[in-house]
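S.K.: One file: structure-v8.cif (mmCIF, C-alpha atoms).
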data_my_file
loop_
_atom_site.group_PDB
_atom_site.id
_atom_site.type_symbol
_atom_site.label_atom_id
_atom_site.label_comp_id
_atom_site.auth_asym_id
_atom_site.auth_seq_id
_atom_site.Cartn_x
_atom_site.Cartn_y
_atom_site.Cartn_z
ATOM 1 C CA MET S 454 -23.203 -16.566 20.347
ATOM 2 C CA ASN S 455 -24.245 -13.138 19.119
ATOM 3 C CA HIS S 456 -24.074 -12.173 15.461
ATOM 4 C CA ARG S 457 -23.266 -8.952 13.634
ATOM 5 C CA GLU S 458 -23.367 -7.810 10.017
ATOM 6 C CA LEU S 459 -20.083 -8.076 8.119
ATOM 7 C CA GLY S 460 -20.541 -5.431 5.450
ATOM 8 C CA GLY S 461 -22.377 -6.910 2.493
ATOM 9 C CA VAL S 462 -21.169 -10.415 3.338
ATOM 10 C CA GLY S 463 -24.022 -11.014 5.779
ATOM 11 C CA GLY S 464 -24.389 -11.941 9.422
ATOM 12 C CA VAL S 465 -21.494 -13.714 11.147
ATOM 13 C CA SER S 466 -20.649 -14.764 14.685
ATOM 14 C CA GLU S 467 -19.113 -11.806 16.494
ATOM 15 C CA VAL S 468 -16.346 -14.135 17.696
ATOM 16 C CA GLY S 469 -14.818 -15.958 14.756
ATOM 17 C CA TYR S 470 -11.895 -18.327 14.428
ATOM 18 C CA GLY S 471 -8.526 -17.259 13.054
ATOM 19 C CA ALA S 472 -6.904 -20.227 11.325
ATOM 20 C CA TRP S 473 -3.311 -18.975 11.020
ATOM 21 C CA GLN S 474 -2.123 -21.192 13.865
ATOM 22 C CA ILE S 475 -3.308 -24.408 12.237
ATOM 23 C CA GLY S 476 -1.309 -23.569 9.128
ATOM 24 C CA GLY S 477 2.112 -22.627 10.433
ATOM 25 C CA ASP S 478 4.395 -20.055 12.104
ATOM 26 C CA TRP S 479 3.234 -21.003 15.616
ATOM 27 C CA GLY S 480 5.284 -24.128 16.239
ATOM 28 C CA GLU S 481 4.254 -27.668 15.405
ATOM 29 C CA VAL S 482 0.522 -28.368 15.229
ATOM 30 C CA THR S 483 -0.635 -31.838 14.237
ATOM 31 C CA GLU S 484 -3.523 -32.291 11.831
ATOM 32 C CA ALA S 485 -5.551 -33.946 14.595
ATOM 33 C CA GLU S 486 -5.029 -30.906 16.838
ATOM 34 C CA ALA S 487 -5.990 -28.590 14.001
ATOM 35 C CA VAL S 488 -9.183 -30.483 13.207
ATOM 36 C CA ALA S 489 -10.134 -30.612 16.896
ATOM 37 C CA ALA S 490 -9.720 -26.837 17.186
ATOM 38 C CA VAL S 491 -11.913 -26.139 14.153
ATOM 39 C CA GLU S 492 -14.558 -28.575 15.415
ATOM 40 C CA ALA S 493 -14.488 -26.955 18.860
ATOM 41 C CA ALA S 494 -15.028 -23.552 17.279
ATOM 42 C CA ARG S 495 -18.032 -24.763 15.335
ATOM 43 C CA ASP S 496 -19.478 -26.519 18.384
ATOM 44 C CA ALA S 497 -19.117 -23.259 20.349
ATOM 45 C CA GLY S 498 -21.329 -21.421 17.881
ATOM 46 C CA ILE S 499 -18.615 -19.865 15.738
ATOM 47 C CA ASP S 500 -19.637 -19.647 12.087
ATOM 48 C CA PHE S 501 -16.958 -17.297 10.716
ATOM 49 C CA PHE S 502 -13.564 -18.766 9.850
ATOM 50 C CA ASP S 503 -10.615 -16.746 8.544
ATOM 51 C CA THR S 504 -7.702 -18.359 6.750
ATOM 52 C CA ALA S 505 -5.197 -17.581 3.962
ATOM 53 C CA ASP S 506 -3.542 -19.359 1.078
ATOM 54 C CA VAL S 507 -0.066 -18.953 2.605
ATOM 55 C CA TYR S 508 -0.883 -20.395 6.021
ATOM 56 C CA GLY S 509 1.115 -23.582 5.770
ATOM 57 C CA ASP S 510 1.179 -23.226 1.959
ATOM 58 C CA GLY S 511 -2.537 -24.043 1.833
ATOM 59 C CA ARG S 512 -2.637 -26.432 4.808
ATOM 60 C CA SER S 513 -4.937 -24.185 6.820
ATOM 61 C CA GLU S 514 -7.349 -23.784 3.914
ATOM 62 C CA ARG S 515 -7.461 -27.510 3.300
ATOM 63 C CA ILE S 516 -8.121 -28.367 6.950
ATOM 64 C CA VAL S 517 -10.855 -25.752 7.252
ATOM 65 C CA GLY S 518 -12.443 -26.871 3.984
ATOM 66 C CA GLU S 519 -12.363 -30.570 4.798
ATOM 67 C CA THR S 520 -13.462 -30.212 8.418
ATOM 68 C CA LEU S 521 -16.357 -27.910 7.567
ATOM 69 C CA ALA S 522 -17.301 -29.430 4.222
ATOM 70 C CA ASP S 523 -20.887 -30.206 5.206
ATOM 71 C CA GLU S 524 -21.407 -26.794 6.823
ATOM 72 C CA VAL S 525 -19.895 -25.035 3.804
ATOM 73 C CA ALA S 526 -22.173 -26.943 1.440
ATOM 74 C CA ALA S 527 -25.204 -26.061 3.558
ATOM 75 C CA GLY S 528 -24.253 -22.401 3.797
ATOM 76 C CA ASP S 529 -24.087 -22.587 7.588
ATOM 77 C CA VAL S 530 -20.623 -21.006 7.856
ATOM 78 C CA THR S 531 -18.751 -18.129 6.230
ATOM 79 C CA VAL S 532 -15.150 -18.794 5.237
ATOM 80 C CA ALA S 533 -12.828 -15.905 4.448
ATOM 81 C CA THR S 534 -9.442 -16.367 2.850
ATOM 82 C CA LYS S 535 -6.695 -14.073 1.605
ATOM 83 C CA ALA S 536 -4.580 -13.721 -1.527
ATOM 84 C CA GLY S 537 -1.411 -11.970 -2.592
ATOM 85 C CA ARG S 538 1.333 -13.033 -0.237
ATOM 86 C CA ARG S 539 2.309 -15.867 -2.554
ATOM 87 C CA LEU S 540 3.852 -13.260 -4.840
ATOM 88 C CA ASP S 541 7.644 -13.427 -4.879
ATOM 89 C CA PRO S 542 8.809 -10.731 -5.026
ATOM 90 C CA HIS S 543 5.856 -9.242 -3.169
ATOM 91 C CA GLU S 544 5.427 -6.079 -5.232
ATOM 92 C CA ALA S 545 2.435 -3.854 -5.909
ATOM 93 C CA GLU S 546 2.557 -4.137 -9.692
ATOM 94 C CA ARG S 547 2.211 -7.916 -9.448
ATOM 95 C CA TYR S 548 -1.288 -7.648 -7.961
ATOM 96 C CA THR S 549 -2.729 -8.300 -11.406
ATOM 97 C CA GLU S 550 -5.906 -10.016 -12.506
ATOM 98 C CA GLU S 551 -3.876 -12.933 -13.851
ATOM 99 C CA ASN S 552 -2.131 -13.542 -10.528
ATOM 100 C CA LEU S 553 -5.230 -12.988 -8.397
ATOM 101 C CA ARG S 554 -7.204 -15.347 -10.601
ATOM 102 C CA ARG S 555 -4.538 -18.004 -10.121
ATOM 103 C CA PHE S 556 -4.555 -17.576 -6.347
ATOM 104 C CA VAL S 557 -8.337 -17.564 -6.122
ATOM 105 C CA ASN S 558 -8.616 -20.744 -8.174
ATOM 106 C CA ARG S 559 -6.082 -22.449 -5.923
ATOM 107 C CA SER S 560 -8.026 -21.411 -2.816
ATOM 108 C CA ARG S 561 -11.278 -22.638 -4.351
ATOM 109 C CA GLU S 562 -9.660 -26.033 -4.767
ATOM 110 C CA ASN S 563 -8.111 -26.049 -1.286
ATOM 111 C CA LEU S 564 -11.385 -25.094 0.380
ATOM 112 C CA GLY S 565 -13.623 -27.170 -1.861
ATOM 113 C CA MET S 566 -15.745 -24.115 -2.688
ATOM 114 C CA GLU S 567 -17.010 -23.163 -6.121
ATOM 115 C CA THR S 568 -17.544 -19.590 -4.951
ATOM 116 C CA LEU S 569 -15.382 -18.220 -2.155
ATOM 117 C CA ASP S 570 -17.392 -16.321 0.452
ATOM 118 C CA LEU S 571 -14.823 -13.585 0.989
ATOM 119 C CA VAL S 572 -11.381 -12.950 -0.500
ATOM 120 C CA GLN S 573 -9.134 -10.335 1.078
ATOM 121 C CA LEU S 574 -5.965 -8.843 -0.329
ATOM 122 C CA HIS S 575 -3.372 -10.074 2.147
ATOM 123 C CA CYS S 576 -1.557 -7.041 3.569
ATOM 124 C CA PRO S 577 -0.296 -5.866 0.183
ATOM 125 C CA PRO S 578 2.249 -3.078 -0.295
ATOM 126 C CA THR S 579 0.721 0.334 0.316
ATOM 127 C CA ASP S 580 0.919 1.231 -3.383
ATOM 128 C CA VAL S 581 -1.687 -1.456 -4.162
ATOM 129 C CA TYR S 582 -4.358 0.723 -2.577
ATOM 130 C CA TYR S 583 -3.620 3.327 -5.252
ATOM 131 C CA ARG S 584 -4.053 0.849 -8.116
ATOM 132 C CA PRO S 585 -7.733 0.824 -9.175
ATOM 133 C CA GLU S 586 -6.957 -1.976 -11.630
ATOM 134 C CA THR S 587 -6.339 -4.364 -8.727
ATOM 135 C CA PHE S 588 -9.804 -3.715 -7.333
ATOM 136 C CA ASP S 589 -11.249 -3.942 -10.847
ATOM 137 C CA ALA S 590 -9.703 -7.423 -11.036
ATOM 138 C CA LEU S 591 -11.475 -8.442 -7.823
ATOM 139 C CA ALA S 592 -14.736 -7.100 -9.214
ATOM 140 C CA THR S 593 -14.232 -9.194 -12.351
ATOM 141 C CA LEU S 594 -13.677 -12.346 -10.287
ATOM 142 C CA ALA S 595 -16.873 -11.561 -8.389
ATOM 143 C CA ASP S 596 -18.794 -11.044 -11.634
ATOM 144 C CA GLU S 597 -17.579 -14.459 -12.769
ATOM 145 C CA GLY S 598 -18.873 -16.097 -9.583
ATOM 146 C CA ARG S 599 -15.441 -17.155 -8.350
ATOM 147 C CA ILE S 600 -15.823 -14.993 -5.245
ATOM 148 C CA ALA S 601 -18.946 -13.642 -3.565
ATOM 149 C CA SER S 602 -17.351 -10.632 -1.818
ATOM 150 C CA TYR S 603 -13.960 -9.041 -1.481
ATOM 151 C CA GLY S 604 -12.089 -6.896 0.979
ATOM 152 C CA VAL S 605 -8.618 -6.167 2.302
ATOM 153 C CA SER S 606 -6.402 -7.094 5.207
ATOM 154 C CA VAL S 607 -4.250 -4.107 6.147
ATOM 155 C CA GLU S 608 -1.294 -3.272 8.334
ATOM 156 C CA ARG S 609 -1.962 0.458 8.687
ATOM 157 C CA VAL S 610 -5.018 2.553 9.456
ATOM 158 C CA GLU S 611 -4.292 4.723 6.423
ATOM 159 C CA GLU S 612 -4.433 1.692 4.140
ATOM 160 C CA GLY S 613 -7.835 0.764 5.496
ATOM 161 C CA LEU S 614 -9.165 4.275 4.999
ATOM 162 C CA LYS S 615 -7.927 4.304 1.400
ATOM 163 C CA ALA S 616 -9.355 0.850 0.662
ATOM 164 C CA MET S 617 -12.803 1.954 1.775
ATOM 165 C CA GLU S 618 -12.874 4.473 -1.049
ATOM 166 C CA TYR S 619 -13.417 1.585 -3.496
ATOM 167 C CA PRO S 620 -17.159 0.880 -3.582
ATOM 168 C CA GLY S 621 -16.752 -2.893 -3.945
ATOM 169 C CA VAL S 622 -14.725 -3.314 -0.755
ATOM 170 C CA GLU S 623 -17.047 -4.948 1.767
ATOM 171 C CA THR S 624 -14.592 -5.621 4.592
ATOM 172 C CA VAL S 625 -11.363 -4.427 6.139
ATOM 173 C CA GLN S 626 -9.341 -6.659 8.444
ATOM 174 C CA ILE S 627 -7.086 -4.811 10.865
ATOM 175 C CA ILE S 628 -5.136 -5.361 14.086
ATOM 176 C CA PHE S 629 -7.190 -3.947 16.949
ATOM 177 C CA ASN S 630 -6.885 -4.757 20.640
ATOM 178 C CA PRO S 631 -6.118 -3.000 23.953
ATOM 179 C CA PHE S 632 -2.469 -2.766 22.820
ATOM 180 C CA ARG S 633 -3.346 -1.396 19.348
ATOM 181 C CA GLN S 634 -5.965 1.278 19.959
ATOM 182 C CA ARG S 635 -5.449 3.750 17.123
ATOM 183 C CA PRO S 636 -8.191 2.324 14.840
ATOM 184 C CA ALA S 637 -10.760 3.556 17.382
ATOM 185 C CA GLU S 638 -9.869 7.190 16.648
ATOM 186 C CA LEU S 639 -11.119 7.488 13.049
ATOM 187 C CA PHE S 640 -11.070 4.176 11.234
ATOM 188 C CA LEU S 641 -14.034 2.571 13.007
ATOM 189 C CA GLN S 642 -16.133 5.683 12.529
ATOM 190 C CA GLU S 643 -15.447 5.730 8.790
ATOM 191 C CA ALA S 644 -16.120 2.002 8.434
ATOM 192 C CA ALA S 645 -19.482 2.374 10.153
ATOM 193 C CA ALA S 646 -20.404 5.355 7.997
ATOM 194 C CA ARG S 647 -19.660 3.366 4.839
ATOM 195 C CA ASP S 648 -21.225 0.083 6.063
ATOM 196 C CA VAL S 649 -17.858 -1.654 5.702
ATOM 197 C CA GLY S 650 -17.387 -4.752 7.842
ATOM 198 C CA VAL S 651 -14.479 -4.763 10.301
ATOM 199 C CA ILE S 652 -12.591 -7.975 11.094
ATOM 200 C CA CYS S 653 -10.227 -7.646 14.064
ATOM 201 C CA ARG S 654 -7.158 -9.864 14.068
ATOM 202 C CA VAL S 655 -4.354 -10.412 16.610
ATOM 203 C CA PRO S 656 -6.886 -9.671 19.374
ATOM 204 C CA LEU S 657 -4.769 -11.268 22.088
ATOM 205 C CA ALA S 658 -1.474 -9.752 20.884
ATOM 206 C CA SER S 659 0.104 -13.117 20.014
ATOM 207 C CA GLY S 660 -0.567 -14.406 23.507
ATOM 208 C CA LEU S 661 0.458 -11.357 25.539
ATOM 209 C CA LEU S 662 -3.163 -10.603 26.379
ATOM 210 C CA THR S 663 -3.793 -14.126 27.607
ATOM 211 C CA GLY S 664 -1.630 -13.423 30.649
ATOM 212 C CA ALA S 665 0.002 -16.822 30.159
ATOM 213 C CA LEU S 666 3.396 -15.600 28.917
ATOM 214 C CA SER S 667 6.403 -14.821 31.077
ATOM 215 C CA ARG S 668 9.870 -13.367 30.686
ATOM 216 C CA ASP S 669 11.360 -16.853 30.796
ATOM 217 C CA ASP S 670 9.338 -18.172 27.866
ATOM 218 C CA GLU S 671 11.198 -19.480 24.846
ATOM 219 C CA PHE S 672 9.382 -20.089 21.568
ATOM 220 C CA PRO S 673 10.125 -22.769 18.959
ATOM 221 C CA GLU S 674 12.298 -21.866 15.997
ATOM 222 C CA ASP S 675 9.289 -22.079 13.660
ATOM 223 C CA ASP S 676 7.147 -19.790 15.845
ATOM 224 C CA HIS S 677 6.941 -16.187 14.589
ATOM 225 C CA ARG S 678 7.190 -15.021 18.202
ATOM 226 C CA ASN S 679 10.769 -16.221 17.921
ATOM 227 C CA PHE S 680 11.786 -15.441 14.340
ATOM 228 C CA ASN S 681 9.819 -12.223 13.719
ATOM 229 C CA ARG S 682 10.559 -10.257 16.901
ATOM 230 C CA GLU S 683 12.187 -7.506 14.836
ATOM 231 C CA GLY S 684 10.124 -7.936 11.692
ATOM 232 C CA GLU S 685 12.633 -10.210 9.976
ATOM 233 C CA ALA S 686 9.990 -12.223 8.090
ATOM 234 C CA PHE S 687 6.965 -9.892 7.786
ATOM 235 C CA ASP S 688 5.540 -6.780 9.407
ATOM 236 C CA VAL S 689 6.610 -6.735 13.045
ATOM 237 C CA GLY S 690 3.142 -5.520 13.973
ATOM 238 C CA GLU S 691 1.862 -9.067 13.467
ATOM 239 C CA THR S 692 4.022 -10.303 16.377
ATOM 240 C CA PHE S 693 2.860 -9.205 19.832
ATOM 241 C CA ALA S 694 0.878 -6.498 17.975
ATOM 242 C CA GLY S 695 4.188 -4.688 17.487
ATOM 243 C CA VAL S 696 4.771 -4.164 21.205
ATOM 244 C CA PRO S 697 8.282 -5.101 22.401
ATOM 245 C CA PHE S 698 7.920 -8.290 24.437
ATOM 246 C CA GLU S 699 9.210 -6.881 27.729
ATOM 247 C CA ALA S 700 7.063 -3.746 27.428
ATOM 248 C CA GLY S 701 4.062 -5.925 26.690
ATOM 249 C CA LEU S 702 4.653 -7.994 29.810
ATOM 250 C CA ASP S 703 4.932 -4.810 31.862
ATOM 251 C CA ALA S 704 1.606 -3.672 30.427
ATOM 252 C CA VAL S 705 0.004 -7.011 31.276
ATOM 253 C CA ASP S 706 1.267 -6.731 34.854
ATOM 254 C CA ALA S 707 -0.197 -3.233 35.096
ATOM 255 C CA LEU S 708 -3.558 -4.450 33.810
ATOM 256 C CA GLY S 709 -3.524 -7.292 36.305
ATOM 257 C CA GLU S 710 -3.259 -4.813 39.157
ATOM 258 C CA ARG S 711 -6.394 -2.967 38.022
ATOM 259 C CA LEU S 712 -8.754 -5.561 36.588
ATOM 260 C CA PRO S 713 -11.334 -7.336 38.752
ATOM 261 C CA ASP S 714 -10.403 -10.848 39.817
ATOM 262 C CA ASP S 715 -13.454 -12.331 38.106
ATOM 263 C CA ARG S 716 -12.531 -11.001 34.654
ATOM 264 C CA PRO S 717 -9.983 -13.251 32.894
ATOM 265 C CA LEU S 718 -7.523 -11.247 30.816
ATOM 266 C CA PRO S 719 -8.467 -12.872 27.458
ATOM 267 C CA GLU S 720 -12.139 -12.133 28.106
ATOM 268 C CA PHE S 721 -11.228 -8.549 28.981
ATOM 269 C CA ALA S 722 -9.314 -8.117 25.725
ATOM 270 C CA LEU S 723 -12.040 -9.629 23.548
ATOM 271 C CA ARG S 724 -14.796 -7.660 25.303
ATOM 272 C CA TRP S 725 -12.782 -4.447 24.891
ATOM 273 C CA ILE S 726 -12.841 -5.049 21.143
ATOM 274 C CA LEU S 727 -16.471 -6.145 20.960
ATOM 275 C CA ASP S 728 -17.626 -3.149 22.978
ATOM 276 C CA HIS S 729 -16.893 -1.079 19.854
ATOM 277 C CA ASP S 730 -20.108 -1.258 17.850
ATOM 278 C CA ALA S 731 -18.371 -0.809 14.475
ATOM 279 C CA VAL S 732 -16.531 -4.114 14.938
ATOM 280 C CA SER S 733 -18.158 -6.956 13.000
ATOM 281 C CA THR S 734 -16.148 -9.904 14.280
ATOM 282 C CA VAL S 735 -12.962 -10.684 16.183
ATOM 283 C CA ILE S 736 -10.869 -13.696 15.169
ATOM 284 C CA PRO S 737 -8.738 -15.168 17.957
ATOM 285 C CA GLY S 738 -6.866 -18.311 17.018
ATOM 286 C CA SER S 739 -5.993 -21.286 19.175
ATOM 287 C CA THR S 740 -5.210 -24.960 18.805
ATOM 288 C CA THR S 741 -6.625 -25.820 22.237
ATOM 289 C CA PRO S 742 -10.363 -26.629 22.273
ATOM 290 C CA GLU S 743 -10.687 -25.307 25.831
ATOM 291 C CA HIS S 744 -9.249 -21.945 24.782
ATOM 292 C CA VAL S 745 -11.436 -21.868 21.671
ATOM 293 C CA ARG S 746 -14.541 -22.371 23.792
ATOM 294 C CA SER S 747 -13.406 -19.741 26.278
ATOM 295 C CA ASN S 748 -12.823 -17.229 23.483
ATOM 296 C CA ALA S 749 -16.266 -17.914 22.041
ATOM 297 C CA ALA S 750 -17.851 -17.341 25.447
ATOM 298 C CA ALA S 751 -16.670 -13.716 25.397
ATOM 299 C CA SER S 752 -19.657 -13.033 23.160
ATOM 300 C CA GLU S 753 -21.981 -13.521 26.132
ATOM 301 C CA ALA S 754 -19.748 -11.839 28.729
ATOM 302 C CA ASP S 755 -20.729 -8.531 30.303
ATOM 303 C CA PRO S 756 -19.485 -5.341 28.635
ATOM 304 C CA LEU S 757 -16.543 -3.662 30.327
ATOM 305 C CA SER S 758 -17.168 -1.357 33.247
ATOM 306 C CA GLU S 759 -16.052 2.263 33.215
ATOM 307 C CA ALA S 760 -13.182 1.309 35.527
ATOM 308 C CA GLU S 761 -12.042 -1.415 33.119
ATOM 309 C CA ARG S 762 -12.164 0.972 30.174
ATOM 310 C CA GLU S 763 -10.130 3.490 32.120
ATOM 311 C CA ALA S 764 -7.580 0.810 32.992
ATOM 312 C CA ALA S 765 -7.206 -0.075 29.308
ATOM 313 C CA ALA S 766 -6.688 3.580 28.368
ATOM 314 C CA ASP S 767 -4.233 4.323 31.182
ATOM 315 C CA VAL S 768 -2.091 1.226 30.649
ATOM 316 C CA TYR S 769 -1.985 1.872 26.907
ATOM 317 C CA ASP S 770 -0.838 5.447 27.454
ATOM 318 C CA GLU S 771 1.793 4.487 30.022
ATOM 319 C CA HIS S 772 3.290 1.314 28.534
ATOM 320 C CA VAL S 773 2.255 0.841 24.909
ATOM 321 C CA ARG S 774 1.379 4.013 22.994
ATOM 322 C CA GLU S 775 4.958 5.138 22.305
ATOM 323 C CA HIS S 776 5.769 1.820 20.618
ATOM 324 C CA VAL S 777 2.792 1.449 18.270
ATOM 325 C CA HIS S 778 0.407 4.354 18.023
ATOM 326 C CA GLN S 779 1.791 6.378 15.127
ATOM 327 C CA ARG S 780 3.525 3.427 13.461
ATOM 328 C CA TRP S 781 0.353 1.673 12.307
#
Before anything else, please render the file you have as structure tokens.
M.R.:
Amino acid sequence: MNHRELGGVGGVSEVGYGAWQIGGDWGEVTEAEAVAAVEAARDAGIDFFDTADVYGDGRSERIVGETLADEVAAGDVTVATKAGRRLDPHEAERYTEENLRRFVNRSRENLGMETLDLVQLHCPPTDVYYRPETFDALATLADEGRIASYGVSVERVEEGLKAMEYPGVETVQIIFNPFRQRPAELFLQEAAARDVGVICRVPLASGLLTGALSRDDEFPEDDHRNFNREGEAFDVGETFAGVPFEAGLDAVDALGERLPDDRPLPEFALRWILDHDAVSTVIPGSTTPEHVRSNAAASEADPLSEAEREAAADVYDEHVREHVHQRW
């Protein structure tokens, strides 16, 4: 497993583990399955884990904290969490120091950590990025030792660019994959120039870029790939990276016609992301130990060939760009 610098947070595995699936919104996952997935990630050399206080109302945080308690205590892993989506209504003016302090303290308890390694604002309304007092509140929590570093998780490139203007922001988490290519145009360049760490989520487009989905697939009622197809619950860009399901399957078919037989589609997608030097870590999630190990192995896979890069660009332009490029 190779490592990269994550802003001022420090070195982390370039393939991390995204813990949304072990919290909720992906169908039923037993606690035993969740623990096995986290253990498989650690055994595969992953030492960066990303969770949030709303994933299963704290379930994901608790499982990560309990499963990795010894590693957390020894400083062998970095655990990132997120705060803000517990607000109801979810409004910019409610991103106050009082509310953030409450959320941070709850996450500290869930994770069993006196000082949280990294706290990210969890896809807040755009107006939050124009509220210096919110970032001042994060700085205060850092000064108090409740958090070590802070950053943001964004929906839109413009939000990430604005967030980087605040000197205390160490990381930006953003959706970036072969079906969401716009961050490569300006965002990554600016992040590198400012030494801001980049965390890439939804790298496999909610399963589209595994090649395992078909037009006949039906998802459980409690799976966001069922209930958030049109953005009914949260930003539609979080589901299939915002690509309409049928268009995404067409794009996968087109990739399959052009990729070499010895390059599995998930490896292709993860390598495409990692081949961008400004990326710090990519955080695929899975509840299957075999898939977790396979994702981790992408760190040691060969970089993409010129032909593979051209395939990614051509398929994006033909099947995907019109649906996502200017939206996020």
S.K.: Considering all atoms listed in the file, state which residue in the set S:Val705, S:Val607, S:Ile516, S:Ala686 is at the smallest distance from Tyr769 in chain S.
M.R.: S:Val705
S.K.: Would you mind telling me which residue in S:Asn630, S:Gly650, S:Tyr470, S:Leu666 lies nearest to Asp496 in chain S when using only C-alpha atoms?
M.R.: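 The closest residue to Asp496 in chain S is S:Tyr470.
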S.K.: List the residues sitting within 9 Å of (-2.7, -24.4, 9.9) in the file's frame, using all atoms listed in the file, as a list in words.
M.R.: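 Here is the list of nearby residues: Ala472, Trp473, Gln474, Ile475, Gly476, Gly477, Asp478, Trp479, Val482, Thr483, Glu484, Ala487, Thr504, Tyr508, Gly509, Asp510, Gly511, Arg512, Ser513, Glu514, Arg515, Ile516 and Val517 of chain S.
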S.K.: What's the 6 Å shell around range 600-605 of chain S, counting only C-alpha atoms, without same-chain residues fewer than 3 positions away, as a list of chain:residue names?
M.R.: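 Once the adjacent positions are removed, what remains is S:Thr568, S:Leu569, S:Asp570, S:Leu571, S:Val572, S:Gln573, S:Leu574, S:Ala595, S:Val622, S:Glu623, S:Thr624, S:Val625.
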S.K.: Could you tell me which of S:Leu521, S:Leu641, S:Val491, S:Val462 comes closest to His729 in chain S if we count all atoms listed in the file?
M.R.: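 Nearest to His729 in chain S: S:Leu641.
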S.K.: Please write as a list in words the full residue list that the PyMOL selection byres ((chain S and resi 638) around 12) yields on this file.
M.R.: Val610, Glu611, Phe629, Arg633, Gln634, Arg635, Pro636, Ala637, Leu639, Phe640, Leu641, Gln642, Glu643, Ala644, His729, Ala731, His778 and Gln779 of chain S
S.K.: Keeping only C-alpha atoms, write the selected residues as a compact mmCIF listing (two decimals), in the frame of the given file.
M.R.:
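Produced file result.txt, reproduced below:
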# COMPACT_ATOMS: atom_id res chain seq x y z
CA VAL S 610 -5.02 2.55 9.46
CA GLU S 611 -4.29 4.72 6.42
CA PHE S 629 -7.19 -3.95 16.95
CA ARG S 633 -3.35 -1.40 19.35
CA GLN S 634 -5.96 1.28 19.96
CA ARG S 635 -5.45 3.75 17.12
CA PRO S 636 -8.19 2.32 14.84
CA ALA S 637 -10.76 3.56 17.38
CA LEU S 639 -11.12 7.49 13.05
CA PHE S 640 -11.07 4.18 11.23
CA LEU S 641 -14.03 2.57 13.01
CA GLN S 642 -16.13 5.68 12.53
CA GLU S 643 -15.45 5.73 8.79
CA ALA S 644 -16.12 2.00 8.43
CA HIS S 729 -16.89 -1.08 19.85
CA ALA S 731 -18.37 -0.81 14.48
CA HIS S 778 0.41 4.35 18.02
CA GLN S 779 1.79 6.38 15.13
S.K.: I want to know what sits within 12 Å of Ser758 in chain S, based on all atoms listed in the file, with residues of the same chain fewer than 6 positions away left out; could you give that as a VMD selection string?
M.R.: chain S and resid 711 to 713 716 721 724 to 725 728 764 to 765
S.K.: Which of these, S:Ile652, S:Val532, S:Leu662, S:Ala645, has the shortest distance to Phe698 in chain S once you count all atoms listed in the file?
M.R.: S:Leu662
S.K.: Go through the shown structure with the PyMOL selection byres ((chain S and resi 734-743) around 8) and write out the matching residues as a PyMOL selection string.
M.R.: chain S and resi 457+459+465-475+482+486-487+489-490+493-494+502-503+651-657+723+726-727+732-733+744-748
S.K.: Box in all listed atoms of range 495-513 of chain S, axis-aligned, with 8 Å more on each side; write out centre and edge lengths in Å to one decimal as AutoDock Vina command-line options.
M.R.:
--center_x -10.1 --center_y -21.6 --center_z 10.7 --size_x 38.5 --size_y 25.8 --size_z 35.3
S.K.: Can you work out the spacing between CA of Asn681 in chain S and CA of Tyr582 in chain S in Å, to one decimal?
M.R.: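 Going from CA of Asn681 in chain S over to CA of Tyr582 in chain S covers 25.2 Å.
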S.K.: Please provide the set of residues having any atom within 12 Å of Asn679 in chain S, restricted to only C-alpha atoms, with same-chain residues fewer than 3 positions apart removed, written as a count of residues only.
M.R.: 20
S.K.: Specify as a list in words each residue included when the PyMOL selection byres ((chain S and resi 696) around 10) is applied to this file.
M.R.: Phe632, Arg633, Ala658, Leu661, Arg682, Val689, Gly690, Glu691, Thr692, Phe693, Ala694, Gly695, Pro697, Phe698, Glu699, Ala700, Gly701, Leu702, Ala704, His772, Val773, Arg774, Glu775, His776 and Val777 of chain S
S.K.: Just the number, please: distance in Å from CA of Leu540 in chain S to CA of Asn552 in chain S, one decimal.
M.R.: 8.3 Å
S.K.: Which value, in Å to one decimal, gives the distance between CA of Phe680 in chain S and CA of His575 in chain S?
M.R.: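 Between these atoms lies a distance of 20.2 Å.
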S.K.: Which residue, S:Thr587, S:Thr531, S:Thr579, S:Ser752, has the smallest gap to Lys615 in chain S when you use only C-alpha atoms?
M.R.: S:Thr579
S.K.: Excluding same-chain residues fewer than 4 positions from Ala526 in chain S, what lies within 10 Å of it counting all atoms listed in the file, as number ranges by chain?
M.R.: S: 521-522, 530, 565-567
S.K.: Which one of S:Asp669, S:Glu763, S:Asp500, S:Glu546 sits closest to Ala533 in chain S if you count all atoms listed in the file?
M.R.: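 Among the listed residues, S:Asp500 lies closest to Ala533 in chain S.
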